[in-house]
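upload13.cif follows; it contains mmCIF, C-alpha atoms and all ligand atoms.
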data_input
loop_
_atom_site.label_atom_id
_atom_site.label_comp_id
_atom_site.auth_asym_id
_atom_site.auth_seq_id
_atom_site.Cartn_x
_atom_site.Cartn_y
_atom_site.Cartn_z
CA MET A 1 -5.69 -9.24 -34.66
CA ARG A 2 -5.32 -5.71 -33.24
CA SER A 3 -6.49 -4.85 -29.75
CA TYR A 4 -8.68 -2.02 -28.44
CA GLN A 5 -10.71 -1.59 -31.62
CA GLU A 6 -14.42 -2.54 -31.22
CA PHE A 7 -13.67 -3.31 -27.58
CA ALA A 8 -13.18 0.45 -27.09
CA SER A 9 -16.96 0.96 -27.34
CA LEU A 10 -17.49 -1.42 -24.38
CA TYR A 11 -14.42 -0.54 -22.35
CA ASP A 12 -15.98 1.92 -19.90
CA LYS A 13 -18.99 -0.34 -19.32
CA LEU A 14 -16.82 -3.35 -18.60
CA MET A 15 -14.43 -1.36 -16.40
CA ASP A 16 -17.21 -0.01 -14.18
CA ASP A 17 -15.73 -1.78 -11.15
CA TYR A 18 -12.51 0.28 -11.47
CA ASP A 19 -12.70 3.44 -9.42
CA TYR A 20 -10.63 6.05 -11.30
CA PHE A 21 -11.51 8.74 -8.76
CA MET A 22 -9.75 6.63 -6.15
CA TRP A 23 -6.94 5.94 -8.61
CA SER A 24 -6.33 9.65 -9.20
CA ASN A 25 -6.39 10.25 -5.43
CA TYR A 26 -3.75 7.57 -5.03
CA ILE A 27 -1.53 9.32 -7.58
CA ILE A 28 -2.05 12.64 -5.76
CA ASP A 29 -1.27 10.94 -2.42
CA LEU A 30 2.00 9.74 -3.96
CA PHE A 31 2.81 13.32 -5.03
CA ASN A 32 2.26 14.42 -1.43
CA HIS A 33 4.22 11.50 -0.01
CA TYR A 34 7.24 12.54 -2.10
CA ASP A 35 6.62 16.24 -1.46
CA LEU A 36 6.13 16.91 -5.17
CA LYS A 37 3.97 19.64 -6.66
CA PRO A 38 3.60 18.76 -10.33
CA ARG A 39 1.74 20.99 -12.76
CA ASP A 40 2.35 19.36 -16.13
CA ILE A 41 1.59 15.64 -16.47
CA LEU A 42 2.12 13.33 -19.42
CA GLU A 43 -0.13 10.29 -19.38
CA MET A 44 0.94 7.33 -21.51
CA ALA A 45 -1.67 4.85 -22.79
CA CYS A 46 -4.55 6.94 -21.45
CA GLY A 47 -7.18 4.71 -23.08
CA THR A 48 -10.64 6.26 -22.84
CA GLY A 49 -9.32 8.99 -20.54
CA ASN A 50 -10.71 7.94 -17.18
CA LEU A 51 -7.66 8.82 -15.09
CA THR A 52 -7.11 11.84 -17.33
CA TYR A 53 -10.58 13.09 -16.44
CA HIS A 54 -10.00 13.07 -12.68
CA LEU A 55 -6.49 14.55 -12.92
CA ALA A 56 -7.83 17.29 -15.20
CA ASN A 57 -10.57 17.98 -12.63
CA ASN A 58 -7.77 18.53 -10.12
CA ARG A 59 -6.42 21.26 -12.41
CA TYR A 60 -3.25 19.56 -13.59
CA ASN A 61 -2.23 20.28 -17.19
CA LEU A 62 -2.31 17.04 -19.14
CA VAL A 63 -0.96 15.72 -22.38
CA ALA A 64 -2.34 12.21 -22.78
CA PHE A 65 -1.75 9.72 -25.57
CA ASP A 66 -2.71 6.24 -26.68
CA LEU A 67 -2.00 3.96 -29.60
CA SER A 68 -5.66 3.13 -30.26
CA SER A 69 -7.61 5.76 -32.16
CA GLU A 70 -10.84 4.03 -31.09
CA MET A 71 -9.97 4.51 -27.40
CA LEU A 72 -8.90 8.11 -28.09
CA ALA A 73 -12.21 8.90 -29.83
CA ILE A 74 -14.04 8.04 -26.61
CA ALA A 75 -11.51 9.97 -24.52
CA TYR A 76 -12.01 12.98 -26.77
CA GLU A 77 -15.77 13.08 -26.11
CA LYS A 78 -15.21 12.69 -22.38
CA LEU A 79 -12.51 15.34 -22.12
CA ARG A 80 -13.51 17.98 -24.65
CA LYS A 81 -14.78 20.33 -21.91
CA PHE A 82 -11.29 20.60 -20.39
CA LYS A 83 -8.98 23.33 -21.66
CA ASN A 84 -6.10 21.77 -19.74
CA VAL A 85 -6.03 18.46 -21.68
CA LYS A 86 -4.41 17.67 -24.99
CA LEU A 87 -4.84 14.22 -26.59
CA LEU A 88 -2.41 12.60 -29.02
CA ASN A 89 -2.13 9.37 -30.95
CA GLN A 90 1.34 8.07 -30.07
CA ASN A 91 3.19 4.93 -29.10
CA MET A 92 4.69 4.45 -25.63
CA VAL A 93 7.84 3.02 -27.18
CA ASN A 94 8.81 5.92 -29.41
CA PHE A 95 6.65 8.92 -28.46
CA ASN A 96 8.04 12.34 -29.03
CA ILE A 97 6.41 15.41 -27.53
CA ASN A 98 8.05 18.75 -27.78
CA MET A 99 7.73 19.54 -24.09
CA ASN A 100 9.00 18.41 -20.68
CA PHE A 101 6.80 17.38 -17.77
CA ASP A 102 6.86 17.17 -13.97
CA CYS A 103 5.30 13.73 -14.03
CA VAL A 104 4.83 10.85 -16.48
CA VAL A 105 2.07 8.48 -15.46
CA SER A 106 0.54 5.29 -16.85
CA VAL A 107 -2.04 3.13 -15.13
CA CYS A 108 -3.99 -0.09 -15.42
CA ASP A 109 -1.19 -2.39 -16.60
CA SER A 110 -0.62 -0.58 -19.88
CA ILE A 111 3.14 -1.15 -19.46
CA ASN A 112 2.53 -4.93 -19.69
CA TYR A 113 1.53 -4.32 -23.33
CA ILE A 114 5.19 -3.65 -24.12
CA LEU A 115 6.24 -7.14 -25.10
CA ASN A 116 10.00 -7.11 -25.16
CA GLU A 117 12.86 -5.83 -23.12
CA GLU A 118 14.38 -3.65 -25.80
CA GLU A 119 11.11 -1.73 -26.20
CA LEU A 120 10.65 -1.50 -22.44
CA LEU A 121 14.04 0.20 -22.15
CA LYS A 122 13.15 2.57 -25.01
CA CYS A 123 9.87 3.47 -23.28
CA PHE A 124 11.59 4.15 -19.96
CA GLU A 125 14.38 6.17 -21.63
CA ASN A 126 11.74 8.20 -23.38
CA ALA A 127 9.81 8.80 -20.15
CA TYR A 128 13.09 9.92 -18.55
CA LYS A 129 13.87 12.24 -21.46
CA HIS A 130 10.43 13.90 -21.23
CA LEU A 131 10.77 14.60 -17.50
CA ARG A 132 12.14 17.75 -15.92
CA ASN A 133 14.79 17.40 -13.21
CA ASN A 134 13.21 15.99 -10.02
CA GLY A 135 10.33 14.72 -12.13
CA VAL A 136 8.55 11.49 -11.30
CA PHE A 137 7.47 8.49 -13.35
CA ILE A 138 4.54 6.56 -11.85
CA PHE A 139 3.06 3.39 -13.30
CA ASP A 140 1.63 0.02 -12.33
CA ILE A 141 1.86 -3.46 -13.77
CA ASN A 142 -0.02 -6.71 -13.52
CA THR A 143 2.48 -8.85 -11.64
CA TYR A 144 4.15 -11.99 -12.92
CA TYR A 145 2.28 -13.85 -10.17
CA LYS A 146 -1.12 -12.56 -11.35
CA LEU A 147 -0.54 -13.18 -15.05
CA LYS A 148 0.78 -16.70 -14.49
CA ASN A 149 -1.36 -17.94 -11.60
CA ILE A 150 -4.59 -15.98 -11.65
CA ILE A 151 -5.27 -14.81 -15.18
CA GLY A 152 -3.14 -17.24 -17.21
CA ASN A 153 -4.65 -20.59 -18.27
CA ASN A 154 -8.00 -19.50 -16.95
CA THR A 155 -11.30 -18.62 -18.59
CA PHE A 156 -13.61 -15.89 -17.38
CA ILE A 157 -17.20 -15.37 -18.49
CA GLU A 158 -19.36 -12.36 -17.91
CA ASP A 159 -23.06 -12.26 -18.63
CA ARG A 160 -24.60 -8.80 -18.54
CA GLU A 161 -27.92 -7.49 -19.76
CA ASP A 162 -26.66 -6.40 -23.16
CA ILE A 163 -23.14 -7.83 -23.33
CA PHE A 164 -21.92 -11.39 -23.01
CA TYR A 165 -18.23 -12.03 -23.16
CA THR A 166 -15.63 -14.69 -22.62
CA TRP A 167 -12.00 -14.17 -21.82
CA GLN A 168 -9.79 -17.22 -22.47
CA ASN A 169 -6.18 -16.92 -21.41
CA TYR A 170 -2.98 -18.82 -22.02
CA PHE A 171 0.31 -18.31 -20.25
CA ASP A 172 3.44 -19.13 -22.25
CA ASP A 173 6.14 -20.01 -19.71
CA ASP A 174 8.99 -19.80 -22.20
CA LYS A 175 8.08 -16.41 -23.59
CA GLU A 176 6.57 -15.18 -20.29
CA LEU A 177 3.61 -13.86 -22.23
CA CYS A 178 -0.06 -14.03 -21.31
CA GLU A 179 -2.40 -14.19 -24.30
CA PHE A 180 -6.02 -13.10 -23.82
CA TYR A 181 -8.60 -14.24 -26.38
CA LEU A 182 -11.65 -12.06 -25.92
CA THR A 183 -15.00 -12.79 -27.56
CA PHE A 184 -17.80 -10.29 -27.19
CA PHE A 185 -21.48 -10.54 -28.03
CA LYS A 186 -23.04 -7.11 -27.93
CA ARG A 187 -26.81 -6.66 -28.20
CA ASN A 188 -27.96 -4.12 -30.76
CA GLU A 189 -31.12 -2.03 -30.53
CA ASP A 190 -32.96 -4.59 -32.70
CA GLY A 191 -32.23 -7.25 -30.05
CA LEU A 192 -29.76 -9.13 -32.24
CA TYR A 193 -26.24 -9.77 -31.00
CA ILE A 194 -23.12 -8.86 -32.91
CA ARG A 195 -19.94 -10.85 -32.25
CA PHE A 196 -16.40 -9.58 -32.34
CA ASP A 197 -13.05 -10.93 -31.16
CA GLU A 198 -9.83 -9.40 -29.97
CA LYS A 199 -6.49 -10.84 -28.93
CA HIS A 200 -4.45 -9.01 -26.30
CA ILE A 201 -0.98 -9.96 -25.08
CA GLU A 202 0.65 -8.87 -21.83
CA LYS A 203 4.24 -9.53 -20.88
CA ALA A 204 4.94 -10.84 -17.38
CA TYR A 205 7.76 -8.81 -15.88
CA ARG A 206 9.49 -9.47 -12.56
CA SER A 207 9.69 -6.31 -10.43
CA GLU A 208 13.48 -6.63 -9.95
CA TYR A 209 13.84 -6.61 -13.71
CA ILE A 210 11.71 -3.47 -14.09
CA ILE A 211 13.81 -1.73 -11.43
CA GLU A 212 16.99 -2.71 -13.29
CA ILE A 213 15.66 -1.28 -16.57
CA LEU A 214 14.46 1.92 -14.87
CA LYS A 215 17.97 2.42 -13.45
CA LYS A 216 19.50 1.69 -16.85
CA ALA A 217 17.22 4.37 -18.32
CA GLY A 218 18.68 6.86 -15.83
CA PHE A 219 16.25 6.94 -12.88
CA ASN A 220 18.18 7.23 -9.64
CA LYS A 221 15.60 6.16 -7.07
CA VAL A 222 12.86 3.58 -7.57
CA ASP A 223 10.25 2.50 -5.01
CA ILE A 224 7.60 -0.16 -5.42
CA TYR A 225 4.33 -0.50 -3.59
CA ASN A 226 1.33 -2.72 -3.47
CA SER A 227 -1.02 -0.68 -5.65
CA PHE A 228 -3.26 1.86 -3.92
CA SER A 229 -1.04 1.81 -0.85
CA ILE A 230 2.43 2.75 0.28
CA GLU A 231 3.01 -0.72 1.63
CA ASN A 232 5.69 -3.02 0.29
CA ALA A 233 4.66 -5.41 -2.44
CA ASN A 234 5.05 -9.13 -1.72
CA GLU A 235 5.16 -12.28 -3.86
CA THR A 236 1.38 -12.56 -4.10
CA SER A 237 0.75 -8.90 -4.95
CA GLU A 238 -1.40 -8.72 -8.07
CA ARG A 239 -0.85 -5.12 -9.05
CA ILE A 240 2.22 -3.18 -8.09
CA ASN A 241 3.02 0.44 -8.49
CA PHE A 242 6.41 1.88 -9.37
CA VAL A 243 7.59 5.37 -8.45
CA ALA A 244 10.82 6.35 -10.22
CA LEU A 245 12.51 9.69 -9.57
CA LYS A 246 14.72 11.58 -12.00
C1 LIG B 1 -5.71 -1.78 -20.04
S1 LIG B 1 -5.85 -0.40 -21.11
C2 LIG B 1 -5.61 0.92 -19.94
C3 LIG B 1 -6.11 2.23 -20.45
C4 LIG B 1 -6.10 3.37 -19.43
N1 LIG B 1 -4.75 3.62 -18.94
C5 LIG B 1 -7.02 3.07 -18.29
O1 LIG B 1 -6.58 3.09 -17.13
O2 LIG B 1 -8.20 2.82 -18.53
C6 LIG B 1 -4.32 -0.43 -21.99
C7 LIG B 1 -4.16 0.71 -22.97
O3 LIG B 1 -2.83 0.68 -23.48
C8 LIG B 1 -2.87 1.12 -24.83
N2 LIG B 1 -1.62 0.70 -25.46
C9 LIG B 1 -1.17 -0.56 -25.66
N3 LIG B 1 0.04 -0.52 -26.25
C10 LIG B 1 0.37 0.79 -26.41
C11 LIG B 1 1.49 1.48 -26.93
N4 LIG B 1 2.54 0.81 -27.41
N5 LIG B 1 1.49 2.82 -26.92
C12 LIG B 1 0.44 3.53 -26.44
N6 LIG B 1 -0.67 2.92 -25.93
C13 LIG B 1 -0.70 1.57 -25.91
C14 LIG B 1 -4.13 0.46 -25.37
O4 LIG B 1 -4.56 1.06 -26.57
C15 LIG B 1 -5.07 0.66 -24.19
O5 LIG B 1 -5.78 1.87 -24.29
#

This entry written out as structure tokens:
Amino acid sequence: MRSYQEFASLYDKLMDDYDYFMWSNYIIDLFNHYDLKPRDILEMACGTGNLTYHLANNRYNLVAFDLSSEMLAIAYEKLRKFKNVKLLNQNMVNFNINMNFDCVVSVCDSINYILNEEELLKCFENAYKHLRNNGVFIFDINTYYKLKNIIGNNTFIEDREDIFYTWQNYFDDDKELCEFYLTFFKRNEDGLYIRFDEKHIEKAYRSEYIIEILKKAGFNKVDIYNSFSIENANETSERINFVALK
């Protein structure tokens, strides 16, 4: 079962509690904190283009890509007014763009969708390769703690006016994978509901391990923060943000 197909049409509605304006300001605050002045940004796993939109509004030049053509179709509609955005259908593990960037960014736990260590290293090496000297790689993950203790082995239900959905999760301790079984009922104009299902899998990574792989990929300085802050992460942080400098 592939992910981010029909779900793409509901994604923005169901993510309405995520403030991407604030998220883009956080990224810009990080640029300022590190005294960086990027112009060209590569966004990996841009989804429906919500972060892309706010960064483009701040006049950065963006190349943004995602694996899901359904997510990209929505991003395309949202971003078509911007001359400074280019969208591509590529994979985080083996993308190849004939250009170098000042920043590579990826938000909202997209990196957890890389399910094994070999592919994680390939992704990081590729991010490194696409960066100019002194470039920065910024991304966040859902923490091991969150996937195992908060999301894993838990069921969530949401009942909205025209969408009802359940989210049943299983955490596999041996494989350190969190499986999400999503079932959606979406009301059509005729009042009838259509059902569809998706399975998503996120890998639980320990932050020390991510730092080790970033260094292996060539990054020489890596900092981690509790997301949306420049405070240190701790063992109950749910989302942490990595800043890796080339
Ligand atoms: C949780 S969504 C986040 C999307 C977007 N970054 C946001 O903040 O809304 C995860 C995204 O990762 C994308 N994705 C998963 N695996 C990928 C891969 N190997 N390469 C590129 N995109 C991928 C999915 O298609 C999806 O759009």

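Among the candidate residues A:Leu36, A:Leu10, A:Val93, A:Ile74, the one lying nearest to ligand LIG 1 (chain B) is A:Val93, with distances computed using only C-alpha atoms and all ligand atoms.
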
At a cut-off of 8 Å and counting only C-alpha atoms and all ligand atoms, what residues surround ligand LIG 1 (chain B)? Please answer as a PyMOL selection string. chain A and resi 3-4+12+15+20+44-51+65-69+71-72+89-93+106-111+113-114

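We find atom CA of Thr166 of chain A and atom CA of Asp197 of chain A to be spaced 9.7 Å apart.
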
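The two atoms in question, atom CA of Arg80 of chain A and atom CA of Ala56 of chain A, are spaced 11.0 Å apart.
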
Tell me which protein, DNA and RNA residues are within 9 Å of segment 81-85 of chain A, counting all atoms listed in the file, leaving out same-chain ones fewer than 5 positions away, and put them as an MDAnalysis selection string. chainID A and resid 52:53 56:57 59:64

Export of prior selection with C-alpha atoms as a PDB file, in the frame of the given file:
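In the end it all went to again_10.pdb:
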ATOM      1  CA  THR A  52      -7.110  11.840 -17.330  1.00  0.00           C
ATOM      2  CA  TYR A  53     -10.580  13.090 -16.440  1.00  0.00           C
ATOM      3  CA  ALA A  56      -7.830  17.290 -15.200  1.00  0.00           C
ATOM      4  CA  ASN A  57     -10.570  17.980 -12.630  1.00  0.00           C
ATOM      5  CA  ARG A  59      -6.420  21.260 -12.410  1.00  0.00           C
ATOM      6  CA  TYR A  60      -3.250  19.560 -13.590  1.00  0.00           C
ATOM      7  CA  ASN A  61      -2.230  20.280 -17.190  1.00  0.00           C
ATOM      8  CA  LEU A  62      -2.310  17.040 -19.140  1.00  0.00           C
ATOM      9  CA  VAL A  63      -0.960  15.720 -22.380  1.00  0.00           C
ATOM     10  CA  ALA A  64      -2.340  12.210 -22.780  1.00  0.00           C
TER      11      ALA A  64
END

Using only C-alpha atoms: which of A:Glu70, A:Tyr145, A:Asn154, A:Arg39 has the shortest distance to Tyr11 of chain A: A:Glu70

Just want the 12 Å neighbourhood of segment 236-238 of chain A, counted on all atoms listed in the file, with same-chain residues fewer than 5 positions away dropped. Output as an mmCIF file with C-alpha atoms, in the coordinates of the input.
data_model
loop_
_atom_site.group_PDB
_atom_site.id
_atom_site.type_symbol
_atom_site.label_atom_id
_atom_site.label_comp_id
_atom_site.auth_asym_id
_atom_site.auth_seq_id
_atom_site.Cartn_x
_atom_site.Cartn_y
_atom_site.Cartn_z
ATOM 1 C CA CYS A 108 -3.990 -0.090 -15.420
ATOM 2 C CA ASP A 109 -1.190 -2.390 -16.600
ATOM 3 C CA ASP A 140 1.630 0.020 -12.330
ATOM 4 C CA ILE A 141 1.860 -3.460 -13.770
ATOM 5 C CA ASN A 142 -0.020 -6.710 -13.520
ATOM 6 C CA THR A 143 2.480 -8.850 -11.640
ATOM 7 C CA TYR A 144 4.150 -11.990 -12.920
ATOM 8 C CA TYR A 145 2.280 -13.850 -10.170
ATOM 9 C CA LYS A 146 -1.120 -12.560 -11.350
ATOM 10 C CA LEU A 147 -0.540 -13.180 -15.050
ATOM 11 C CA LYS A 148 0.780 -16.700 -14.490
ATOM 12 C CA ASN A 149 -1.360 -17.940 -11.600
ATOM 13 C CA ILE A 150 -4.590 -15.980 -11.650
ATOM 14 C CA ILE A 151 -5.270 -14.810 -15.180
ATOM 15 C CA ALA A 204 4.940 -10.840 -17.380
ATOM 16 C CA ARG A 206 9.490 -9.470 -12.560
ATOM 17 C CA SER A 207 9.690 -6.310 -10.430
ATOM 18 C CA ILE A 224 7.600 -0.160 -5.420
ATOM 19 C CA TYR A 225 4.330 -0.500 -3.590
ATOM 20 C CA ASN A 226 1.330 -2.720 -3.470
ATOM 21 C CA SER A 227 -1.020 -0.680 -5.650
ATOM 22 C CA PHE A 228 -3.260 1.860 -3.920
ATOM 23 C CA SER A 229 -1.040 1.810 -0.850
ATOM 24 C CA GLU A 231 3.010 -0.720 1.630
#
